[in-house]
Amino acid sequence: MCGIVGYIGEKNACPILIEGLRRLEYRGYDSAGIAVLSGDKIDVKKATGKLAALESAIESCAPEGKIGVGHTRWATHGRPSDENAHPHTDCIGNLVVVHNGIIENYLRLKEELIGKGHEFSSETDTEVIAHLVEEAYNGDLVEAVRKAALMLEGSFAFVVMSSDKPDLLVAARRHSPLVVGIGSGENFLASDIPAFLPFTKKVYFVDDDMIVALDRSSASFMTLDGKSVEKELFEVTWNAEMAERGGYEHFMLKEIHEQPVALRETMRGRMSSENSKITLEGIGLTDEDIRRINKAVVVACGTAYHAALAGRYMLESLARIPVEMDVASELRYREPVIDDRTLALVITQSGETADTLAAMREAKRRGAKTLAIVNAVGSSAAREADGVLYTYAGPEIAVASTKAYTTQMMVIALITLYFGRIRGTISPDRDAELRRRLWSIPEQVDLFLSDYEAVINIAEKYHNIGGFMYIGRGPNLASALEGALKIKEIAYIHAEGYAAGEMKHGPIAMIDPNMATVAFATAGRTYEKLISNIQEIKARSGDIIAIAGRRDEIINNYADHIIRVPETDEMLSPIINAIPLQLLAYYVAKFRGHEIDKPRNLAKSVTVE
């Protein structure tokens with residue numbers, strides 16, 4: 001979850017590194033540092049805290065040079081401190097390393113290196129990389145990095161710079177993201193594309209167990225066993241402004257408002273109109289494969305798991321495929337019943353979530369077909385799965401996911417209708433009706449976003465409440481869980497998400513005047529039962545905030561506050577209902593004065609276990 005940036009070119013590296021780190025600051029927050037080759041010496045500057053602390057530290061003594069590396073850290077080994085901040089050096093300061101990932105065998109390696117006379121100055125696992133490269137270095141930096149990488153167990157993306165190689169950056173990758181940007185007389189390395197997007201849109205995606213050698217005019221690639229590799233150069237289709245706030249106070253609010261466009265982009269090329277059949281290029285499954293599926297194992301983490309939960313109802317009801325839900329961190333530690341008729345559906349915004357990748361690999365090892373729903377083109381999940389469907393949400397900078405969540409549900413809906421037609425489990429009339437409804441969703445979201453004053457007023461009234469209970473039924477159980485997660489993530493208020501039918505089995509004990517309940521009361525087969533659950537809460541002096549359809553008059557009798565949303569089919573309603581739950585969390589956090597885009601203790605993508 002750390003952020004890496006590297007530069008080699010004809011410009012002063014320091015401001016480019018700082019700007020790159022600013023664009024990657026969402027990946028780490030407890031310390032930052034840069035190293036620049038100034039003359040024949042490497043000048044290292046680092047500071048505990050957010051990037052502003054580093055900027056302040058170098059304000060009057062910024063290093064100058066045309067090659068350098070930078071890093072924002074999210075601590076895994078060693079507390080946040082100046083000593084543990086990256087970059088890390090070898091014994092004499094001729095080599096520096098920045099790293100993202102976890103070196104699982106670092107303690108054994110550290111003991112061996114200390115036995116050979118190496119001296120360590122930090123508590124991190126990363127520092128062993130610097131000393132391993134130092135131990136192997138005899139003038140060939142690429143070979144030294146290759147030998148060091150072969151000794152590492154775990155996940156890593158790291159970049160090495162040497163004082164006696166002023167025209168070379170060398171990097172290696174396994175299970176942690178790394179991309180190369182190709183400019184004119186200058187080149188870049190980074191954890192993510194926004195770091196160098198103002199300078200180039202030409203990108204190489206680095207594969208697992210690969211070495212990159214970068215000079216000012218070229219990039220060369222080889223495997224860890226020394227075989228040269230030719231890579232395809234990609235052209236990024238979004239621009240630098242898309243990764244900026246665009247006039248919104250926070251990235252999260254901007255990204256909430258980008259959802260109509262993101263949803264349309266996700267449908268583009270897959271549905272050309274509300275009457276067109278669905279086409280899913282890249283799905284990696286033949287019609288016969290789809291007919292043979294006897295079970296789906298859906299794997300995800302966090303918000304993506306809630307998207308999967310909403311999708312479960314669609315897949316089972318409409319495609320008639322039994323669905324098992326798995327938190328990715330749990331699947332490979334049990335003995336899942338998976339065979340060659342199982343579909344492993346993997347959902348991850350970044351495509352680099354460590355637990356999700358491990359679960360996908362385990363399912364694949366057991367014979368399952370794997371299909372990934374991913375936002376990041378060229379990511380590990382996208383490359384390793386048998387098929388991939390991109391969400392086309394664009395860059396999502398705020399830590400709390402918004403447009404990735406709704407576009408993930410959109411893709412699952414497309415998959416469901418595609419499967420249902422091929423498997424013959426959905427009638428032509430129902431198929432046509434759902435495609436019509438699906439086609440309308442971006443416009444409906446746009447309509448809701450044109451006027452949500454009710455959400456702001458409710459957030460202002462309840463921003464100091466003791467806690468929230470979110471309840472829903474059917475597909476909107478996912479909405480309840482996601483709503484509670486969003487409030488916890490950015491407002492730091494205790495919240496619980498529950499199936500409404502579970503209230504009498506314990507959660508109702510929590511209801512009092514200091515606990516507000518958000519009820520997802522949009523139309524569905526269990527609407528009347530949800531109204532009964534609302535009445536139980538009202539009888540115990542609990543306030544009800546209902547998310548309900550625009551034409552629903554019944555809810556007026558039971559709710560204290562109502563957020564009106566456009567009506568759609570129950571199966572698709574979690575996509576629309578996501579918007580008010582996101583806005584409610586955003587404005588509650590704003591009224592509480594929190595730093596919304598980078599909430600405490602969290603990072604954007606969890607690339608370590």
# chains A, B, ... in the order shown; residues from 1 in each chain; ligands from 1

$ residues_around --residues "range 351-368 of chain A" --least-positions-apart "4" --cutoff "8 Å" --atoms "only C-alpha atoms" --output "MDAnalysis selection string"
chainID A and resid 175:177 299:301 328:329 331:332 338:344 346:347 374:376 379:382 385 605:609

$ write_last_selection --atoms "C-alpha atoms" --output "PDB file, in the first residue's frame"
ATOM      1  CA  HIS A 175       2.571  -9.324  -6.460  1.00  0.00           C
ATOM      2  CA  SER A 176       2.827  -5.539  -5.840  1.00  0.00           C
ATOM      3  CA  PRO A 177       1.929  -2.986  -8.527  1.00  0.00           C
ATOM      4  CA  VAL A 299     -14.374 -13.571  -3.900  1.00  0.00           C
ATOM      5  CA  ALA A 300     -13.732  -9.983  -2.768  1.00  0.00           C
ATOM      6  CA  CYS A 301     -12.769  -7.737   0.164  1.00  0.00           C
ATOM      7  CA  ALA A 328     -10.937 -13.323   0.053  1.00  0.00           C
ATOM      8  CA  SER A 329      -8.747 -13.642   3.138  1.00  0.00           C
ATOM      9  CA  LEU A 331     -11.082 -18.801   1.055  1.00  0.00           C
ATOM     10  CA  ARG A 332      -7.626 -20.326   0.843  1.00  0.00           C
ATOM     11  CA  ILE A 338     -14.155 -26.201  -6.301  1.00  0.00           C
ATOM     12  CA  ASP A 339     -13.831 -28.054  -9.582  1.00  0.00           C
ATOM     13  CA  ASP A 340     -13.761 -27.436 -13.319  1.00  0.00           C
ATOM     14  CA  ARG A 341     -17.477 -26.553 -13.344  1.00  0.00           C
ATOM     15  CA  THR A 342     -16.974 -23.762 -10.792  1.00  0.00           C
ATOM     16  CA  LEU A 343     -16.744 -20.126 -11.785  1.00  0.00           C
ATOM     17  CA  ALA A 344     -14.531 -18.055  -9.504  1.00  0.00           C
ATOM     18  CA  VAL A 346     -13.086 -12.136  -8.441  1.00  0.00           C
ATOM     19  CA  ILE A 347     -13.882  -8.478  -7.716  1.00  0.00           C
ATOM     20  CA  VAL A 374     -11.335  -4.939 -12.229  1.00  0.00           C
ATOM     21  CA  ASN A 375     -10.960  -1.186 -12.645  1.00  0.00           C
ATOM     22  CA  ALA A 376      -7.199  -1.054 -13.239  1.00  0.00           C
ATOM     23  CA  SER A 379      -3.295  -5.101 -13.151  1.00  0.00           C
ATOM     24  CA  SER A 380      -2.324  -8.498 -11.754  1.00  0.00           C
ATOM     25  CA  ALA A 381      -5.899  -9.762 -11.486  1.00  0.00           C
ATOM     26  CA  ALA A 382      -6.628  -8.662 -15.046  1.00  0.00           C
ATOM     27  CA  ALA A 385      -7.658 -14.380 -14.704  1.00  0.00           C
ATOM     28  CA  SER A 605      -5.495  -0.689  -2.041  1.00  0.00           C
ATOM     29  CA  VAL A 606      -4.439  -3.449   0.335  1.00  0.00           C
ATOM     30  CA  THR A 607      -1.511  -5.002  -1.497  1.00  0.00           C
ATOM     31  CA  VAL A 608      -0.291  -6.974   1.536  1.00  0.00           C
ATOM     32  CA  GLU A 609      -2.103  -9.596   3.606  1.00  0.00           C
TER      33      GLU A 609
END

$ select_by_dssp --residues "range 65-137 of chain A" --states "alpha helix (DSSP H)" --output "list in words"
Tyr106, Leu107, Arg108, Leu109, Lys110, Glu111, Glu112, Leu113, Ile114, Gly115, Glu127, Val128, Ile129, Ala130, His131, Leu132, Val133, Glu134, Glu135 and Ala136 of chain A

$ residues_around --residues "Gly33 in chain A" --least-positions-apart "4" --cutoff "12 Å" --atoms "only C-alpha atoms" --output "ChimeraX atom specification"
/A:2-6,14,17-18,20-22,25,28-29,43-58,62-63,68-73,81-88,96-99

$ closest_residue --among "A:Leu285, A:Ile456, A:Val445, A:Val203" --to "His257 in chain A" --atoms "only C-alpha atoms"
A:Val445

$ select_by_dssp --residues "range 453-489 of chain A" --states "strand (DSSP E or B)" --output "PyMOL selection string"
chain A and resi 467-472

$ decode --residues "range 462-517 of chain A" --atoms "C-alpha atoms" --output "short mmCIF file (atom, residue, chain, number, x, y, z; two decimals), in the first residue's frame"
data_model
loop_
_atom_site.label_atom_id
_atom_site.label_comp_id
_atom_site.auth_asym_id
_atom_site.auth_seq_id
_atom_site.Cartn_x
_atom_site.Cartn_y
_atom_site.Cartn_z
CA TYR A 462 -27.22 13.48 12.99
CA HIS A 463 -23.48 14.12 12.68
CA ASN A 464 -23.03 13.94 16.46
CA ILE A 465 -25.23 10.87 16.97
CA GLY A 466 -23.82 8.03 19.04
CA GLY A 467 -24.21 5.43 16.31
CA PHE A 468 -26.03 4.26 13.20
CA MET A 469 -27.87 1.06 12.40
CA TYR A 470 -28.31 0.24 8.71
CA ILE A 471 -30.94 -2.34 7.77
CA GLY A 472 -32.03 -3.85 4.49
CA ARG A 473 -33.44 -7.02 2.98
CA GLY A 474 -32.71 -9.01 -0.16
CA PRO A 475 -30.23 -7.28 -2.47
CA ASN A 476 -30.23 -4.26 -0.17
CA LEU A 477 -28.64 -6.18 2.67
CA ALA A 478 -25.52 -5.25 0.67
CA SER A 479 -26.58 -1.58 0.86
CA ALA A 480 -26.95 -1.85 4.65
CA LEU A 481 -23.47 -3.33 5.05
CA GLU A 482 -21.91 -0.80 2.69
CA GLY A 483 -23.67 2.12 4.36
CA ALA A 484 -22.34 1.08 7.76
CA LEU A 485 -18.85 0.63 6.33
CA LYS A 486 -18.84 4.09 4.76
CA ILE A 487 -19.85 5.82 8.01
CA LYS A 488 -17.15 3.92 9.88
CA GLU A 489 -14.49 4.62 7.25
CA ILE A 490 -14.73 8.37 7.06
CA ALA A 491 -16.95 9.61 9.91
CA TYR A 492 -15.46 7.33 12.61
CA ILE A 493 -18.91 6.67 14.05
CA HIS A 494 -19.82 3.20 15.26
CA ALA A 495 -22.26 1.65 12.80
CA GLU A 496 -23.77 -1.77 12.18
CA GLY A 497 -25.27 -3.19 9.02
CA TYR A 498 -27.86 -5.96 9.41
CA ALA A 499 -30.44 -7.96 7.58
CA ALA A 500 -33.63 -6.36 8.87
CA GLY A 501 -35.10 -9.76 9.76
CA GLU A 502 -32.25 -10.24 12.25
CA MET A 503 -33.19 -7.27 14.41
CA LYS A 504 -35.05 -9.33 17.03
CA HIS A 505 -32.08 -11.72 17.25
CA GLY A 506 -29.92 -9.23 19.11
CA PRO A 507 -29.32 -5.90 17.35
CA ILE A 508 -32.59 -4.36 18.52
CA ALA A 509 -31.05 -4.17 22.00
CA MET A 510 -28.89 -1.34 20.66
CA ILE A 511 -31.83 0.88 19.75
CA ASP A 512 -32.26 4.04 21.80
CA PRO A 513 -32.61 7.78 21.10
CA ASN A 514 -28.84 8.01 20.49
CA MET A 515 -28.91 5.40 17.71
CA ALA A 516 -30.34 6.40 14.31
CA THR A 517 -31.45 3.71 11.88
#
